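Quick look at my_file-v5.cif (mmCIF, C-alpha atoms and all ligand atoms):
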data_target
#
loop_
_atom_site.label_atom_id
_atom_site.label_comp_id
_atom_site.auth_asym_id
_atom_site.auth_seq_id
_atom_site.Cartn_x
_atom_site.Cartn_y
_atom_site.Cartn_z
CA MET A 1 -12.24 -1.99 -9.24
CA ALA A 2 -14.55 -0.10 -6.93
CA GLY A 3 -12.97 1.47 -3.90
CA VAL A 4 -9.39 0.83 -5.01
CA ASP A 5 -7.38 4.02 -4.49
CA LEU A 6 -3.84 2.84 -5.20
CA SER A 7 -2.03 0.04 -6.94
CA ILE A 8 1.62 -0.85 -6.53
CA VAL A 9 3.35 -3.04 -9.11
CA GLY A 10 6.60 -4.93 -8.65
CA ARG A 11 7.96 -8.36 -7.81
CA VAL A 12 5.74 -9.27 -4.87
CA VAL A 13 7.35 -11.21 -2.03
CA THR A 14 4.67 -13.53 -0.68
CA GLY A 15 6.83 -15.89 1.38
CA ARG A 16 6.24 -18.71 -1.13
CA GLY A 17 8.26 -19.31 -4.29
CA ALA A 18 10.15 -16.81 -6.40
CA PRO A 19 8.64 -13.31 -6.38
CA ALA A 20 6.69 -12.67 -9.61
CA ARG A 21 5.56 -9.38 -11.09
CA ALA A 22 2.18 -8.65 -9.58
CA GLU A 23 -0.06 -5.81 -8.49
CA ILE A 24 -1.08 -4.94 -4.96
CA LEU A 25 -4.49 -3.25 -4.96
CA VAL A 26 -5.14 -0.99 -1.97
CA ALA A 27 -8.53 0.16 -0.69
CA GLY A 28 -9.06 2.17 2.46
CA GLY A 29 -5.51 1.59 3.68
CA ARG A 30 -5.72 -2.19 3.37
CA ILE A 31 -4.71 -4.70 0.76
CA ALA A 32 -7.78 -5.52 -1.30
CA GLU A 33 -6.12 -8.02 -3.61
CA VAL A 34 -2.76 -9.19 -4.92
CA ARG A 35 -3.22 -9.73 -8.63
CA GLU A 36 -0.79 -11.66 -10.80
CA PRO A 37 -0.04 -10.56 -13.42
CA PRO A 38 -0.95 -6.87 -13.13
CA SER A 39 -4.18 -5.91 -14.89
CA ASP A 40 -4.25 -4.01 -18.20
CA GLN A 41 -6.58 -1.40 -16.72
CA PRO A 42 -4.83 0.32 -13.85
CA PRO A 43 -6.85 2.11 -11.19
CA ALA A 44 -6.63 5.89 -10.82
CA ARG A 45 -3.20 5.81 -9.20
CA ARG A 46 -0.60 3.18 -10.02
CA ILE A 47 3.02 3.15 -8.88
CA ASP A 48 5.15 0.81 -10.97
CA THR A 49 8.42 -0.06 -9.23
CA GLY A 50 9.77 -2.06 -12.19
CA GLU A 51 12.04 -4.88 -11.11
CA ALA A 52 12.04 -3.89 -7.44
CA TYR A 53 10.86 -6.39 -4.86
CA LEU A 54 7.71 -5.49 -2.94
CA LEU A 55 8.07 -6.67 0.63
CA PRO A 56 5.74 -6.39 3.60
CA GLY A 57 6.75 -3.25 5.50
CA ALA A 58 9.59 -4.03 7.88
CA ILE A 59 8.83 -4.32 11.60
CA ASP A 60 11.79 -3.21 13.68
CA CYS A 61 11.03 -4.93 16.98
CA HIS A 62 13.71 -3.13 19.01
CA VAL A 63 14.08 0.67 18.93
CA HIS A 64 14.65 3.34 21.58
CA SER A 65 12.87 6.58 20.61
CA GLY A 66 13.21 8.18 24.01
CA SER A 67 16.60 7.25 25.44
CA HIS A 68 17.93 10.60 24.13
CA PRO A 69 15.39 13.43 24.29
CA GLY A 70 16.61 14.93 20.99
CA GLU A 71 15.15 11.99 19.04
CA GLY A 72 11.57 11.32 20.04
CA LEU A 73 8.97 9.49 17.98
CA GLY A 74 9.04 12.16 15.24
CA ALA A 75 12.66 11.73 14.15
CA LEU A 76 12.65 8.01 14.87
CA THR A 77 9.61 7.25 12.71
CA ALA A 78 10.89 9.54 9.93
CA ALA A 79 14.09 7.48 9.88
CA ALA A 80 11.98 4.31 9.96
CA ALA A 81 9.88 5.41 6.97
CA ALA A 82 12.99 6.24 4.91
CA GLY A 83 14.36 2.79 5.71
CA GLY A 84 11.26 0.78 4.75
CA VAL A 85 10.18 0.22 8.35
CA THR A 86 6.41 0.69 8.74
CA THR A 87 6.09 -0.47 12.36
CA VAL A 88 8.49 -0.04 15.26
CA VAL A 89 8.30 -1.72 18.64
CA ASP A 90 9.49 0.99 21.00
CA MET A 91 11.37 0.21 24.20
CA PRO A 92 10.04 1.55 27.51
CA TYR A 93 13.31 3.05 28.82
CA ASP A 94 12.57 6.69 28.02
CA ALA A 95 14.72 9.41 29.61
CA GLU A 96 11.62 11.43 30.44
CA ALA A 97 9.93 8.59 32.35
CA PRO A 98 10.13 4.83 31.80
CA VAL A 99 6.84 3.19 30.82
CA VAL A 100 5.92 1.58 34.14
CA ASP A 101 2.31 2.69 34.57
CA VAL A 102 -0.81 3.59 32.65
CA ASP A 103 -0.28 7.36 32.95
CA VAL A 104 3.16 7.26 31.38
CA LEU A 105 1.85 4.92 28.69
CA SER A 106 -1.05 7.21 27.91
CA ALA A 107 1.31 10.22 27.60
CA LYS A 108 3.39 8.17 25.17
CA ARG A 109 0.31 7.26 23.14
CA ASP A 110 -0.40 11.00 22.86
CA ARG A 111 3.11 11.55 21.50
CA VAL A 112 2.52 8.85 18.87
CA ALA A 113 -0.68 10.68 17.87
CA GLN A 114 1.20 13.98 17.53
CA GLN A 115 4.53 12.91 16.04
CA ALA A 116 4.63 9.45 14.49
CA LEU A 117 4.90 9.02 10.73
CA VAL A 118 4.55 5.20 10.82
CA ASP A 119 2.91 2.81 13.27
CA VAL A 120 4.26 2.16 16.74
CA ALA A 121 3.78 -0.75 19.15
CA LEU A 122 4.71 -0.04 22.74
CA LEU A 123 6.48 -2.09 25.38
CA GLY A 124 6.15 -1.56 29.12
CA THR A 125 8.49 -2.44 31.94
CA VAL A 126 8.17 -2.90 35.72
CA ARG A 127 9.53 -0.99 38.70
CA PRO A 128 12.08 -2.90 40.76
CA GLY A 129 9.90 -2.02 43.77
CA THR A 130 6.46 -3.19 42.59
CA GLY A 131 7.44 -5.70 39.93
CA ALA A 132 4.65 -8.12 39.04
CA ALA A 133 1.86 -5.73 40.08
CA ASP A 134 2.79 -3.40 37.22
CA VAL A 135 2.12 -6.02 34.54
CA ALA A 136 -1.67 -6.48 34.21
CA PRO A 137 -2.68 -2.77 34.06
CA LEU A 138 -0.17 -2.12 31.27
CA VAL A 139 -1.41 -5.12 29.27
CA GLU A 140 -4.99 -3.84 29.65
CA ALA A 141 -3.80 -0.43 28.42
CA GLY A 142 -2.30 -1.88 25.23
CA VAL A 143 1.39 -2.75 25.54
CA VAL A 144 2.43 -5.60 23.22
CA GLY A 145 5.01 -6.94 25.69
CA PHE A 146 7.52 -6.10 28.38
CA LYS A 147 11.22 -5.35 28.47
CA LEU A 148 13.15 -6.61 31.46
CA SER A 149 16.86 -6.32 32.08
CA LEU A 150 19.20 -8.52 34.05
CA PHE A 151 21.74 -5.67 33.96
CA CYS A 152 21.37 -2.20 35.49
CA THR A 153 22.16 0.29 32.72
CA ASP A 154 20.60 3.24 34.57
CA ALA A 155 18.96 2.93 38.01
CA ARG A 156 15.91 5.01 37.04
CA ARG A 157 15.55 4.72 33.29
CA PHE A 158 16.87 1.20 32.65
CA PRO A 159 17.04 -0.71 35.96
CA ARG A 160 17.88 -4.31 36.67
CA ILE A 161 15.13 -6.67 37.80
CA HIS A 162 16.74 -8.92 40.38
CA ASP A 163 16.33 -12.67 40.43
CA GLU A 164 14.04 -12.63 43.46
CA GLN A 165 11.46 -10.67 41.40
CA PHE A 166 12.12 -12.12 38.00
CA LEU A 167 10.09 -15.31 38.46
CA GLU A 168 7.09 -13.39 39.80
CA VAL A 169 7.19 -10.90 36.96
CA LEU A 170 7.49 -13.67 34.35
CA ALA A 171 4.53 -15.50 35.91
CA ALA A 172 2.44 -12.31 35.70
CA ILE A 173 3.44 -11.84 32.06
CA ARG A 174 2.48 -15.47 31.35
CA ASP A 175 -0.91 -15.02 33.05
CA CYS A 176 -1.63 -11.98 30.87
CA GLY A 177 -0.66 -13.84 27.66
CA SER A 178 2.08 -11.29 27.02
CA ILE A 179 5.80 -11.66 26.22
CA ALA A 180 8.99 -10.81 28.14
CA CYS A 181 11.81 -9.30 26.09
CA VAL A 182 15.01 -9.72 28.06
CA HIS A 183 18.34 -7.92 28.00
CA ALA A 184 20.64 -10.74 29.09
CA GLU A 185 23.99 -9.66 30.51
CA ASN A 186 25.39 -10.67 33.90
CA GLU A 187 26.05 -7.72 36.15
CA GLU A 188 28.22 -9.60 38.68
CA ILE A 189 30.72 -10.43 35.94
CA ILE A 190 30.69 -7.10 34.11
CA LYS A 191 30.65 -4.36 36.75
CA PRO A 192 33.86 -5.50 38.53
CA LEU A 193 35.62 -5.87 35.16
CA ILE A 194 34.70 -2.28 34.25
CA ALA A 195 35.85 -1.03 37.64
CA ARG A 196 39.15 -2.88 37.31
CA ALA A 197 39.74 -1.59 33.77
CA ARG A 198 39.07 1.99 34.83
CA GLN A 199 41.36 1.66 37.81
CA ALA A 200 44.13 0.33 35.58
CA GLY A 201 43.65 3.27 33.21
CA GLU A 202 42.46 1.07 30.32
CA ARG A 203 40.34 3.29 28.14
CA SER A 204 40.83 1.97 24.60
CA PRO A 205 37.77 0.90 22.59
CA LEU A 206 38.66 -2.78 23.00
CA ALA A 207 38.59 -2.44 26.80
CA HIS A 208 34.79 -2.19 26.45
CA CYS A 209 34.65 -5.60 24.71
CA ARG A 210 36.97 -7.16 27.30
CA SER A 211 34.78 -5.89 30.15
CA ARG A 212 31.79 -7.85 28.80
CA PRO A 213 33.22 -11.27 27.89
CA PRO A 214 31.09 -13.89 26.08
CA VAL A 215 30.28 -15.73 29.30
CA SER A 216 28.65 -12.58 30.71
CA GLU A 217 26.04 -12.93 27.95
CA THR A 218 25.65 -16.71 27.79
CA GLN A 219 25.33 -17.02 31.56
CA ALA A 220 22.53 -14.42 31.65
CA VAL A 221 20.86 -16.05 28.63
CA LEU A 222 20.82 -19.32 30.57
CA THR A 223 19.27 -17.59 33.59
CA ALA A 224 16.48 -16.14 31.46
CA LEU A 225 15.92 -19.49 29.74
CA GLU A 226 15.68 -21.37 33.03
CA TYR A 227 13.16 -18.85 34.37
CA ALA A 228 11.11 -19.04 31.18
CA ARG A 229 11.16 -22.84 31.29
CA GLU A 230 10.11 -22.82 34.93
CA THR A 231 7.24 -20.33 34.52
CA GLY A 232 6.08 -21.21 31.01
CA ALA A 233 6.25 -17.51 30.12
CA ARG A 234 7.02 -16.46 26.56
CA LEU A 235 10.60 -15.18 26.41
CA HIS A 236 12.15 -13.11 23.64
CA LEU A 237 15.93 -12.81 23.94
CA CYS A 238 17.03 -9.39 22.72
CA HIS A 239 20.19 -8.54 20.76
CA LEU A 240 22.07 -11.84 20.94
CA SER A 241 25.69 -11.30 19.91
CA LEU A 242 26.96 -14.89 20.11
CA PRO A 243 26.27 -18.09 18.18
CA ARG A 244 26.40 -19.96 21.50
CA SER A 245 23.51 -17.86 22.85
CA VAL A 246 21.45 -18.82 19.80
CA ASP A 247 22.30 -22.50 20.30
CA LEU A 248 21.34 -22.40 23.98
CA ALA A 249 17.99 -20.80 23.17
CA ALA A 250 17.37 -23.39 20.44
CA ARG A 251 18.09 -26.19 22.92
CA TYR A 252 15.50 -24.83 25.38
CA ALA A 253 12.99 -24.31 22.58
CA ALA A 254 13.45 -27.97 21.59
CA GLU A 255 12.66 -28.90 25.21
CA GLY A 256 9.39 -26.99 24.95
CA ALA A 257 10.30 -23.59 26.41
CA ARG A 258 8.49 -20.76 24.64
CA VAL A 259 11.51 -18.84 23.46
CA SER A 260 12.34 -16.61 20.50
CA MET A 261 15.43 -14.57 19.75
CA GLU A 262 16.81 -11.64 17.81
CA THR A 263 20.21 -10.45 16.69
CA CYS A 264 21.14 -7.03 15.31
CA PRO A 265 22.72 -5.73 12.10
CA HIS A 266 25.83 -4.52 13.95
CA TYR A 267 26.68 -8.05 15.14
CA LEU A 268 26.30 -9.23 11.53
CA CYS A 269 28.38 -6.43 9.98
CA PHE A 270 31.11 -5.65 12.47
CA SER A 271 33.48 -7.39 14.86
CA GLU A 272 35.73 -6.16 17.66
CA GLU A 273 38.35 -5.52 14.96
CA ASP A 274 36.23 -2.56 13.86
CA MET A 275 36.45 -0.97 17.31
CA GLU A 276 39.84 0.51 16.55
CA ARG A 277 38.58 2.58 13.62
CA GLN A 278 35.15 3.52 14.97
CA GLY A 279 35.98 3.72 18.69
CA GLY A 280 33.14 4.76 20.98
CA ARG A 281 30.69 4.82 18.07
CA LEU A 282 30.66 1.03 18.18
CA LYS A 283 30.39 0.84 21.97
CA ILE A 284 27.26 -1.31 22.15
CA ASN A 285 25.88 -3.66 24.81
CA PRO A 286 26.48 -6.57 24.44
CA PRO A 287 29.73 -5.67 22.65
CA LEU A 288 30.94 -6.64 19.19
CA ARG A 289 32.53 -10.09 19.19
CA SER A 290 35.09 -11.99 17.09
CA PRO A 291 34.93 -12.33 13.30
CA ALA A 292 34.17 -16.04 13.84
CA ASP A 293 31.18 -15.15 16.02
CA ARG A 294 29.95 -12.74 13.35
CA GLU A 295 30.11 -15.47 10.72
CA GLY A 296 28.46 -17.93 13.11
CA LEU A 297 25.50 -15.57 13.46
CA TRP A 298 25.16 -15.32 9.68
CA GLU A 299 25.18 -19.12 9.40
CA ARG A 300 22.39 -19.42 11.95
CA LEU A 301 20.40 -16.55 10.45
CA THR A 302 20.48 -17.96 6.93
CA ALA A 303 19.61 -21.42 8.32
CA GLY A 304 16.40 -19.96 9.80
CA LYS A 305 17.50 -20.42 13.42
CA ILE A 306 17.12 -16.77 14.46
CA ASP A 307 13.60 -15.33 14.56
CA ALA A 308 14.28 -11.67 13.98
CA VAL A 309 16.86 -9.05 13.16
CA ALA A 310 16.17 -5.76 14.94
CA SER A 311 18.18 -2.55 15.01
CA ASP A 312 18.32 -1.77 18.77
CA HIS A 313 18.29 1.81 17.42
CA ALA A 314 19.84 4.09 20.07
CA PRO A 315 19.89 7.71 18.92
CA TRP A 316 22.92 9.05 20.81
CA PRO A 317 24.48 12.05 19.06
CA LEU A 318 28.22 11.96 18.37
CA SER A 319 28.90 14.11 21.43
CA ASP A 320 27.87 11.07 23.52
CA LYS A 321 29.95 8.65 21.42
CA THR A 322 33.36 10.23 20.88
CA HIS A 323 34.95 10.59 24.32
CA ALA A 324 38.57 9.42 24.43
CA ASP A 325 37.84 7.09 27.35
CA VAL A 326 35.57 4.41 25.86
CA PHE A 327 33.74 3.96 29.18
CA ASP A 328 32.60 7.61 29.11
CA ASN A 329 30.53 6.98 25.97
CA HIS A 330 26.91 5.92 25.87
CA SER A 331 26.17 2.43 24.57
CA GLY A 332 24.25 1.76 21.39
CA ALA A 333 24.08 3.11 17.83
CA PRO A 334 21.40 4.37 15.45
CA GLY A 335 20.16 1.74 12.98
CA VAL A 336 16.42 1.81 12.22
CA GLU A 337 16.94 3.43 8.80
CA THR A 338 19.64 0.95 7.74
CA LEU A 339 18.06 -2.27 9.11
CA LEU A 340 16.28 -3.50 6.00
CA THR A 341 19.10 -2.51 3.63
CA VAL A 342 21.77 -4.28 5.71
CA VAL A 343 19.67 -7.44 6.13
CA ALA A 344 18.44 -7.61 2.52
CA CYS A 345 21.87 -7.02 0.97
CA GLY A 346 23.55 -9.39 3.46
CA ILE A 347 21.10 -12.26 3.03
CA GLU A 348 21.18 -11.92 -0.76
CA ALA A 349 25.00 -11.91 -0.76
CA ARG A 350 24.94 -15.18 1.20
CA GLY A 351 22.62 -16.99 -1.21
CA GLY A 352 19.35 -16.32 0.61
CA ASN A 353 16.27 -14.75 -0.98
CA MET A 354 13.70 -12.08 -0.28
CA ASN A 355 11.32 -14.56 1.39
CA ASP A 356 14.05 -15.09 3.98
CA VAL A 357 14.41 -11.33 4.40
CA ALA A 358 10.65 -10.83 4.88
CA GLN A 359 10.62 -13.60 7.45
CA VAL A 360 13.18 -12.05 9.82
CA VAL A 361 12.28 -8.37 9.46
CA SER A 362 8.50 -8.63 9.12
CA ALA A 363 6.59 -11.93 9.40
CA ARG A 364 8.26 -13.32 12.54
CA PRO A 365 8.39 -10.00 14.43
CA ALA A 366 4.66 -9.55 13.66
CA ALA A 367 3.87 -13.00 15.02
CA LEU A 368 5.98 -12.54 18.17
CA PHE A 369 4.16 -9.36 19.19
CA GLY A 370 0.66 -10.45 18.19
CA LEU A 371 0.50 -8.15 15.15
CA SER A 372 -0.06 -10.81 12.45
CA GLY A 373 -3.75 -9.93 12.10
CA ARG A 374 -2.73 -6.64 10.48
CA LYS A 375 0.99 -6.75 9.68
CA GLY A 376 3.82 -8.95 8.46
CA SER A 377 2.61 -10.21 5.06
CA LEU A 378 1.16 -9.03 1.76
CA GLU A 379 -2.28 -10.64 1.85
CA ALA A 380 -5.80 -9.36 1.27
CA GLY A 381 -7.22 -7.82 4.43
CA LYS A 382 -3.87 -6.83 5.94
CA ASP A 383 -2.72 -3.22 6.34
CA ALA A 384 -1.22 -1.95 3.08
CA ASP A 385 2.29 -1.62 4.52
CA VAL A 386 4.49 -2.14 1.48
CA VAL A 387 8.14 -1.42 0.81
CA ALA A 388 9.97 -1.49 -2.51
CA PHE A 389 13.54 -2.71 -2.37
CA ASP A 390 15.47 -2.31 -5.61
CA PRO A 391 18.21 -4.97 -5.62
CA GLY A 392 20.08 -3.25 -8.45
CA ALA A 393 20.20 0.26 -6.99
CA ALA A 394 23.71 0.13 -5.52
CA PHE A 395 24.77 3.08 -3.39
CA THR A 396 27.28 4.22 -0.81
CA LEU A 397 25.72 5.19 2.49
CA ASP A 398 26.10 8.84 3.49
CA GLU A 399 25.29 9.42 7.15
CA ALA A 400 24.48 13.09 6.44
CA LYS A 401 21.41 11.96 4.46
CA LEU A 402 19.84 9.93 7.27
CA HIS A 403 16.88 11.14 9.31
CA SER A 404 17.59 10.22 12.93
CA ASN A 405 18.54 13.08 15.21
CA ALA A 406 21.72 11.11 15.99
CA GLY A 407 23.27 12.53 12.82
CA TRP A 408 25.71 9.69 12.14
CA SER A 409 25.78 6.00 11.28
CA PRO A 410 28.22 3.13 11.87
CA TYR A 411 27.52 2.15 8.24
CA ASP A 412 28.73 5.50 6.84
CA LYS A 413 30.65 5.08 3.55
CA MET A 414 29.75 1.40 3.30
CA ALA A 415 28.65 0.15 -0.12
CA PHE A 416 25.27 -1.60 -0.47
CA SER A 417 23.97 -3.50 -3.49
CA GLY A 418 20.36 -2.29 -3.27
CA ARG A 419 18.14 0.28 -1.61
CA VAL A 420 14.65 1.15 -0.40
CA THR A 421 12.90 3.15 -3.12
CA LEU A 422 9.34 3.36 -1.74
CA THR A 423 7.59 3.00 1.62
CA VAL A 424 3.81 2.82 1.88
CA SER A 425 2.14 2.82 5.30
CA ARG A 426 -1.54 1.81 5.39
CA GLY A 427 -1.92 2.79 1.76
CA GLU A 428 -0.16 6.15 2.06
CA VAL A 429 3.26 6.89 0.55
CA VAL A 430 5.57 8.04 3.37
CA TRP A 431 8.87 7.73 1.48
CA ASP A 432 9.19 8.10 -2.29
CA GLY A 433 12.84 7.12 -2.50
CA GLU A 434 14.05 10.71 -2.18
CA GLN A 435 11.70 12.55 0.16
CA LEU A 436 9.57 11.87 3.19
CA GLN A 437 5.85 12.38 2.70
CA GLY A 438 2.85 12.28 5.00
CA ARG A 439 1.87 14.15 8.12
CA PRO A 440 3.59 13.55 11.46
CA GLY A 441 0.90 12.12 13.70
CA ARG A 442 -0.60 9.89 10.99
CA GLY A 443 1.14 6.92 12.64
CA GLN A 444 -0.98 4.86 15.01
CA VAL A 445 -0.43 2.82 18.13
CA VAL A 446 -0.90 -0.83 17.20
CA GLU A 447 -1.96 -3.31 19.83
CA GLY A 448 -1.40 -7.01 19.58
CA SER A 449 -3.72 -9.93 20.02
CA ARG A 450 -2.76 -11.94 23.10
CA HIS A 451 -1.30 -15.38 22.98
CA GLU A 452 -2.98 -18.15 24.94
ZN ZN B 1 17.91 -1.91 23.37
#
Now that the file is in, can you turn its structure into structure tokens?
Ligand SMILES: [Zn+2]
Amino acid sequence: MAGVDLSIVGRVVTGRGAPARAEILVAGGRIAEVREPPSDQPPARRIDTGEAYLLPGAIDCHVHSGSHPGEGLGALTAAAAAGGVTTVVDMPYDAEAPVVDVDVLSAKRDRVAQQALVDVALLGTVRPGTGAADVAPLVEAGVVGFKLSLFCTDARRFPRIHDEQFLEVLAAIRDCGSIACVHAENEEIIKPLIARARQAGERSPLAHCRSRPPVSETQAVLTALEYARETGARLHLCHLSLPRSVDLAARYAAEGARVSMETCPHYLCFSEEDMERQGGRLKINPPLRSPADREGLWERLTAGKIDAVASDHAPWPLSDKTHADVFDNHSGAPGVETLLTVVACGIEARGGNMNDVAQVVSARPAALFGLSGRKGSLEAGKDADVVAFDPGAAFTLDEAKLHSNAGWSPYDKMAFSGRVTLTVSRGEVVWDGEQLQGRPGRGQVVEGSRHE
């Protein structure tokens, strides 16, 4: 076995049939061969994970490394590695400077080269002023897609792109063969409801959910779908919280619109009933919905109707999440380290299997962002991004043991049936089940191949 420097043995998840015990042979950071059954003559270094499943490294296609300066790509990718995530798609809304031009992008690439422990794909966005003109230079410089918002979260960092520009920007994204990831919430519905609640002195956690009613999401989803249908641009709907949003997207896809969609672990695990206990910690946009909506998302996920589950990791420390007035808290929660565990345990508990898990946290996200040439499956020639998930290693989550700078987790004290026991990134162990390994800065920027 010339050139093979590592072998990993376990139940290999290939996407077809029941995972069987096999051996992944790694040479030069790539998968040389998947051999079933494992050979009698192991190469110099073999890691046997026993009955654990070996999955393609998870791709978290929605994280925010830079929304809070305390996090950065170092802490974020450390948390990713410990959670079995070997590639993150990082949002462009950084506090320092949003990724709207080639200079900002190049500074961010430098930070990947200094800090990242696993691989990073980068999104760009556009300035409300220049809009479509920002698109082509960023694509040339290596972004895998764009994030656009129909809601103004922050005028500088996270602005709204108004309807008059949206069509032009989508057309430019289409012409570059890129993809538009859209935050779909309707500002005209939400902002007056927040103002009214504040005026009336409503400050309880549930007031946040009431200020962003279901129609404020579904209406904006429809807007994005109509614009995608009109322009022929590829649209990825971020963080859908409602079964109806999924159904609307599916209807447009059936009509021929090029649309994909994601939901997040928090919409699958929590409902507005959890707001009372967790308060501002679970203030997330869009908000948590009813228990029936949560179950409706699970039904659609396990039926293969949702492309991806992504964390929408937002690394706010507790000091930004525990104000008594819910509206004073930042929106979002950390989740990159818990993504794979929540999805794997949840899908298994609902009768799904590890092929289904690999589909929504690795294969589909890779395809959406043009990364399938290197990532998303365990096949010869692909990057040796491999994660071991032990389905029998039950544990109770302790937020103090996580690696994000946020320092807390909405899943604290929750019981899980299995855990991530090994993460290998391009043939290098970065998480051994107990400790992080590998040098910050070993992570690389990955660029996608463009869609036609
Ligand atoms: Zn986000």
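Closest approach to Arg196 (chain A) among A:Leu150, A:Ala81, A:Gln444, A:Phe327 is made by A:Phe327 (distances from all atoms listed in the file).
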At what distance in Å, to one decimal, does CA of Asp307 (chain A) lie from CA of Val446 (chain A)?
-> 20.7 Å
Which chains and residue numbers are within 8 Å of ligand ZN 1 (chain B), counting all atoms listed in the file, if I want them as an MDAnalysis selection string?
-> chainID A and resid 62:64 91 183 238:239 312:314 332
Counting all atoms listed in the file, what is within 9 Å of Glu36 (chain A), bar same-chain residues fewer than 5 positions away, as number ranges by chain?
-> A: 20-24
With only C-alpha atoms as the counted atoms, please give the residues lying no more than 9 Å from Ala44 (chain A), apart from itself and same-chain residues fewer than 2 positions off, as an mmCIF file with C-alpha atoms, in the coordinates of the input.
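The result, written out as around.cif:
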data_model
loop_
_atom_site.group_PDB
_atom_site.id
_atom_site.type_symbol
_atom_site.label_atom_id
_atom_site.label_comp_id
_atom_site.auth_asym_id
_atom_site.auth_seq_id
_atom_site.Cartn_x
_atom_site.Cartn_y
_atom_site.Cartn_z
ATOM 1 C CA VAL A 4 -9.390 0.830 -5.010
ATOM 2 C CA ASP A 5 -7.380 4.020 -4.490
ATOM 3 C CA LEU A 6 -3.840 2.840 -5.200
ATOM 4 C CA SER A 7 -2.030 0.040 -6.940
ATOM 5 C CA PRO A 42 -4.830 0.320 -13.850
ATOM 6 C CA ARG A 46 -0.600 3.180 -10.020
#
If you count only C-alpha atoms, which residues fall within 10 Å of Ala224 (chain A), apart from same-chain ones fewer than 6 positions away, as JSON, numbers by chain?
-> {"A": [149, 150, 163, 166, 167, 170, 180, 181, 182, 183, 184, 185, 218, 230, 235, 236, 237, 249, 259]}
Give as a PyMOL selection string every residue, naming chains and numbers as the document does, that has an atom within 7 Å of (21.8, -14.3, 38.0), counting only C-alpha atoms.
-> chain A and resi 163+186+220+223
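Taking CA of Ala113 (chain A) and CA of Ala172 (chain A) as the two end points, the separation is 29.3 Å.
For Gly351 (chain A), the set of protein, DNA and RNA residues having any atom at most 12 Å away, when counting all atoms listed in the file and skipping those fewer than 5 positions along the same chain, is Trp298, Glu299, Leu301, Thr302, Ala303, Ala344, Cys345, Gly346, Asp356 and Val357 of chain A.
The gap separating CA of Pro137 (chain A) from CA of Asp101 (chain A) is 7.4 Å, in Å to one decimal.
For the set A:Ser106, A:Thr77, A:Thr86, A:Thr322, the residue with the smallest atom-to-atom gap to Leu55 (chain A) is A:Thr86, counting all atoms listed in the file.
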With distances taken over only C-alpha atoms, which of A:Val326, A:Tyr252, A:Val360, A:Gly448 is nearest to Ile194 (chain A)?
-> A:Val326
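Residue nearest Asp432 (chain A), chosen from A:Pro38, A:Val13, A:Gly84, A:Ala233 and counting only C-alpha atoms: A:Gly84.
Residue neighbourhood of Asn355 (chain A), excluding near-sequence residues (fewer than 5 positions): A:Arg11, A:Val12, A:Val13, A:Thr14, A:Gly15, A:Arg16, A:Gly17, A:Ala18, A:Pro19, A:Tyr53, A:Leu54, A:Leu55, A:Pro56, A:Thr302, A:Gly304, A:Val343, A:Ala344, A:Ile347, A:Glu348, A:Val360, A:Val361, A:Ser362, A:Ala363, A:Arg364, A:Gly376, A:Ser377, A:Leu378, at 12 Å, using all atoms listed in the file.
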Just give me the residues with any atom within 6 Å of (17.6, -9.4, 19.0), file coordinates, counting all atoms listed in the file, written as a PyMOL selection string.
-> chain A and resi 238-240+261-264+309-310
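With only C-alpha atoms as the atoms that count, the minimum distance from Ser311 (chain A) to the choices A:Asp325, A:Glu337, A:Asp119, A:Asp110 is reached by A:Glu337.
Checking A:Ser331, A:Val9, A:Thr49, A:Gly74 one by one against Pro440 (chain A), counting all atoms listed in the file, you find the shortest gap at A:Gly74.
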